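*Asks:* This structure is in structure tokens; I'll ask about it shortly.
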Amino acid sequence: MKSEVSKSRIAKDLLSIKAVFLSPDKPFTWASGIKSPIYCDNRLTLSYPQIRDDVEHGLAETVRAKFPQAQVLMGTSTAGIAHAAITADILGLPMGYVRSSNKSHGRENQIEGRLEAGQKVVVIEDLISTGGSVLQVVDVLRQAGAEVLGVASIFTYSMEKGKQRLKENNVTNYSLCDFETLISTAADENYIKKSDLEKLRAFISNPADESWQNL
């Protein structure tokens, strides 16, 4: 069995391949219009075998430790599908995934793969921000009669809105890495300046407030 993968190890992995990229001085623009100093694309982890190995074994260990009763893994569409498949292979568990909407043809499934009512499910997600996407998946699974034990994800922004929404919907999430670990590691590894930490923490405390750019 592979040893536990630490949050700082995952942070170094994500930073090294720019799966998570920090740019406090030249922020990105999210689809919502929010100016953000962080960009995340965890799909890149699939292209790097050693980092992919860290991530999938980290997710597997999370399921073993936090959700030992899990019977099925369900990936979010589309980013969580590959991670759910590899993690399920490590654990020897069935897997499937949840589409963003029903297919318009065939059996018009929204849940792909076999899921029986009453089965204990863990959702595999790549990124947690405000929690909206993963909660839609949880709702679909619950409506199908599944018992959703919780979520195992690669990275969370640790936004208060996201944490509150998950709590309100009785959903527990465990992430391999979080925003604070990521930015602290980035500063230690010289991806950003120590002075950038104040800006980044101000942003994550209230992403809609652009005054962090003036710090």
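Residue numbering restarts at 1 in every chain; chains get A, B, ... in the order shown in the structure tokens, and ligands count up from 1 in that same order.
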Can you list, as number ranges by chain, every protein, DNA or RNA residue that comes within 8 Å of A:Phe28 when you count only C-alpha atoms, leaving out same-chain residues fewer than 6 positions away?
*Replies:* A: 35-39
*Asks:* Write a file of the just-selected residues containing all heavy atoms, as an mmCIF file, in the first residue's frame.
*Replies:*
```cif
data_model
loop_
_atom_site.group_PDB
_atom_site.id
_atom_site.type_symbol
_atom_site.label_atom_id
_atom_site.label_comp_id
_atom_site.auth_asym_id
_atom_site.auth_seq_id
_atom_site.Cartn_x
_atom_site.Cartn_y
_atom_site.Cartn_z
ATOM 1 N N LYS A 35 -12.449 38.986 -11.019
ATOM 2 C CA LYS A 35 -11.021 38.995 -11.254
ATOM 3 C C LYS A 35 -10.355 38.092 -10.213
ATOM 4 O O LYS A 35 -10.506 38.309 -9.016
ATOM 5 C CB LYS A 35 -10.460 40.410 -11.142
ATOM 6 C CG LYS A 35 -11.037 41.409 -12.139
ATOM 7 C CD LYS A 35 -10.609 41.082 -13.558
ATOM 8 C CE LYS A 35 -11.112 42.154 -14.539
ATOM 9 N NZ LYS A 35 -10.745 41.828 -15.934
ATOM 10 N N SER A 36 -9.623 37.112 -10.678
ATOM 11 C CA SER A 36 -9.059 36.116 -9.769
ATOM 12 C C SER A 36 -7.550 35.977 -9.955
ATOM 13 O O SER A 36 -7.065 35.909 -11.088
ATOM 14 C CB SER A 36 -9.713 34.754 -10.005
ATOM 15 O OG SER A 36 -9.013 33.740 -9.327
ATOM 16 N N PRO A 37 -6.807 35.878 -8.846
ATOM 17 C CA PRO A 37 -5.361 35.669 -8.939
ATOM 18 C C PRO A 37 -4.976 34.198 -9.067
ATOM 19 O O PRO A 37 -3.801 33.863 -9.042
ATOM 20 C CB PRO A 37 -4.860 36.239 -7.607
ATOM 21 C CG PRO A 37 -5.967 35.920 -6.658
ATOM 22 C CD PRO A 37 -7.249 36.068 -7.446
ATOM 23 N N ILE A 38 -5.975 33.324 -9.176
ATOM 24 C CA ILE A 38 -5.701 31.887 -9.244
ATOM 25 C C ILE A 38 -6.503 31.244 -10.367
ATOM 26 O O ILE A 38 -7.658 31.588 -10.606
ATOM 27 C CB ILE A 38 -6.019 31.209 -7.884
ATOM 28 C CG1 ILE A 38 -5.707 29.711 -7.934
ATOM 29 C CG2 ILE A 38 -7.459 31.462 -7.461
ATOM 30 C CD1 ILE A 38 -5.779 29.033 -6.573
ATOM 31 N N TYR A 39 -5.855 30.325 -11.068
ATOM 32 C CA TYR A 39 -6.508 29.567 -12.132
ATOM 33 C C TYR A 39 -6.233 28.087 -11.879
ATOM 34 O O TYR A 39 -5.107 27.708 -11.549
ATOM 35 C CB TYR A 39 -5.945 29.962 -13.499
ATOM 36 C CG TYR A 39 -6.483 29.131 -14.636
ATOM 37 C CD1 TYR A 39 -7.746 29.386 -15.163
ATOM 38 C CD2 TYR A 39 -5.733 28.097 -15.186
ATOM 39 C CE1 TYR A 39 -8.241 28.619 -16.212
ATOM 40 C CE2 TYR A 39 -6.224 27.327 -16.231
ATOM 41 C CZ TYR A 39 -7.482 27.600 -16.735
ATOM 42 O OH TYR A 39 -7.969 26.836 -17.766
#
```
*Asks:* Mind the document's chain letters and residue numbers, and return as a ChimeraX atom specification the residues of stretch 57-203 of chain A that DSSP labels helix (DSSP H, G or I).
*Replies:* /A:57-66,79-91,132-143,160-168,179-188,196-203
*Asks:* Compile a residue-level contact table for stretch 77-116 of chain A against stretch 123-126 of chain A at a cut-off of 9 Å, reporting for every qualifying residue the shortest atom pair and its distance in Å to one decimal, with only C-alpha atoms counted, rows ordered by chain and ascending number, as a Markdown table.
*Replies:*
```
| residue | atom | partner | partner_atom | distance |
| --- | --- | --- | --- | --- |
| A:Ser77 | CA | A:Glu125 | CA | 8.7 |
| A:Ala79 | CA | A:Asp126 | CA | 6.2 |
| A:Gly80 | CA | A:Glu125 | CA | 4.8 |
| A:Ile81 | CA | A:Ile124 | CA | 7.8 |
| A:His83 | CA | A:Ile124 | CA | 7.0 |
| A:Ala84 | CA | A:Ile124 | CA | 5.5 |
| A:Thr87 | CA | A:Ile124 | CA | 8.8 |
| A:Tyr97 | CA | A:Val123 | CA | 8.7 |
```
*Asks:* Which residue, A:Ala88, A:Leu22, A:Val138, A:Cys40, has the smallest gap to A:Leu59 when you use only C-alpha atoms?
*Replies:*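 When distances to A:Leu59 are compared using only C-alpha atoms, the smallest one comes from A:Ala88.
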*Asks:* What's the 9 Å shell around A:Val151, counting only C-alpha atoms, without same-chain residues fewer than 3 positions away, as a list of chain:residue names?
*Replies:*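 Within the cut-off, the hits are A:Val63, A:Val121, A:Val122, A:Val123, A:Ile124, A:Glu125, A:Val134, A:Val138, A:Val148, A:Val171, A:Thr172, A:Asn173, A:Tyr174, A:Ser175.
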*Asks:* Keeping C-alpha atoms, export the residues of the selection given above as a PDB file, in the first residue's frame.
*Replies:*
```
ATOM      1  CA  VAL A  63     -11.991   7.043   0.539  1.00  0.00           C
ATOM      2  CA  VAL A 121     -21.655   6.344  -2.819  1.00  0.00           C
ATOM      3  CA  VAL A 122     -18.646   8.651  -2.708  1.00  0.00           C
ATOM      4  CA  VAL A 123     -18.495  11.430  -5.300  1.00  0.00           C
ATOM      5  CA  ILE A 124     -15.099  12.118  -6.884  1.00  0.00           C
ATOM      6  CA  GLU A 125     -14.599  15.760  -7.885  1.00  0.00           C
ATOM      7  CA  VAL A 134     -20.944  18.954  -6.906  1.00  0.00           C
ATOM      8  CA  VAL A 138     -25.248  14.785  -5.031  1.00  0.00           C
ATOM      9  CA  VAL A 148     -24.137   9.745  -0.566  1.00  0.00           C
ATOM     10  CA  VAL A 171     -22.405  17.015   2.431  1.00  0.00           C
ATOM     11  CA  THR A 172     -18.905  16.320   3.757  1.00  0.00           C
ATOM     12  CA  ASN A 173     -15.941  17.036   1.494  1.00  0.00           C
ATOM     13  CA  TYR A 174     -12.310  16.031   1.962  1.00  0.00           C
ATOM     14  CA  SER A 175      -9.797  17.639  -0.408  1.00  0.00           C
TER      15      SER A 175
END
```
*Asks:* Rounded to one decimal in Å, what is the spacing between atom CA of A:Asp13 and atom CA of A:Asn206?
*Replies:*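 Taking atom CA of A:Asp13 as the start and atom CA of A:Asn206 as the end point, the length is 26.6 Å.
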*Asks:* Enumerate as a ChimeraX atom specification all residues of chain A assigned to strand (DSSP E) by DSSP on the backbone, naming them with the chain letters and numbers the document uses.
*Replies:* /A:20-22,28-29,35-36,38-40,72-76,95-98,111-112,120-128,147-156,173-178
*Asks:* With only C-alpha atoms as the counted atoms, please give the residues lying no more than 10 Å from A:Ala186, apart from itself and same-chain residues fewer than 3 positions off, as a count of residues only.
*Replies:* 18
*Asks:* I'd like to know which of A:Ala208, A:Ala70, A:Ile86, A:Gly92 is closest to A:Pro49, using only C-alpha atoms.
*Replies:* A:Ile86
*Asks:* Using only C-alpha atoms, tabulate the residues of stretch 34-108 of chain A lying at most 12 Å from any atom of stretch 139-142 of chain A, each with its closest atom pair and that distance in Å to one decimal, by chain and increasing residue number, as a tab-separated table.
*Replies:*
```
residue	atom	partner	partner_atom	distance
A:Val72	CA	A:Leu141	CA	11.3
A:Leu73	CA	A:Leu141	CA	11.2
A:Met74	CA	A:Leu141	CA	8.9
A:Gly75	CA	A:Leu141	CA	11.1
A:Thr76	CA	A:Leu141	CA	11.1
A:Gly96	CA	A:Leu141	CA	11.1
A:Tyr97	CA	A:Leu141	CA	9.9
A:Val98	CA	A:Val140	CA	7.8
A:Arg99	CA	A:Val140	CA	9.4
A:Ser100	CA	A:Val140	CA	9.7
A:Ser101	CA	A:Val140	CA	9.7
A:Asn102	CA	A:Val140	CA	10.5
```
*Asks:* Using C-alpha atoms, can you write the selected residues to a file as a PDB file, in the first residue's frame?
*Replies:*
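Contents of the output file part.pdb:
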```pdb
ATOM      1  CA  VAL A  72     -19.538   2.804  -5.494  1.00  0.00           C
ATOM      2  CA  LEU A  73     -17.559   5.827  -6.720  1.00  0.00           C
ATOM      3  CA  MET A  74     -19.311   8.379  -8.925  1.00  0.00           C
ATOM      4  CA  GLY A  75     -17.347  10.970 -10.895  1.00  0.00           C
ATOM      5  CA  THR A  76     -18.566  14.416 -11.775  1.00  0.00           C
ATOM      6  CA  GLY A  96     -19.902   5.509 -12.790  1.00  0.00           C
ATOM      7  CA  TYR A  97     -20.490   9.160 -13.407  1.00  0.00           C
ATOM      8  CA  VAL A  98     -23.218  11.760 -13.408  1.00  0.00           C
ATOM      9  CA  ARG A  99     -23.915  13.827 -16.512  1.00  0.00           C
ATOM     10  CA  SER A 100     -24.665  17.545 -16.218  1.00  0.00           C
ATOM     11  CA  SER A 101     -28.061  16.747 -17.772  1.00  0.00           C
ATOM     12  CA  ASN A 102     -29.953  13.778 -19.185  1.00  0.00           C
TER      13      ASN A 102
END
```
*Asks:* Restricting the calculation to only C-alpha atoms, which member of A:Lys120, A:Arg9, A:Leu215, A:Arg114 is positioned closest to A:Ala202?
*Replies:* A:Leu215
*Asks:* As an exercise, work out the distance from atom CA of A:Thr62 to atom CA of A:Ser23 in Å and give it to one decimal place.
*Replies:*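 Result for atom CA of A:Thr62 versus atom CA of A:Ser23: 29.9 Å, one decimal.
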*Asks:* Could you work out how far atom CA of A:Asn42 lies from atom CA of A:Val55, giving the answer in Å with one decimal?
*Replies:*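 Computed distance, atom CA of A:Val55 to atom CA of A:Asn42, equals 9.9 Å.
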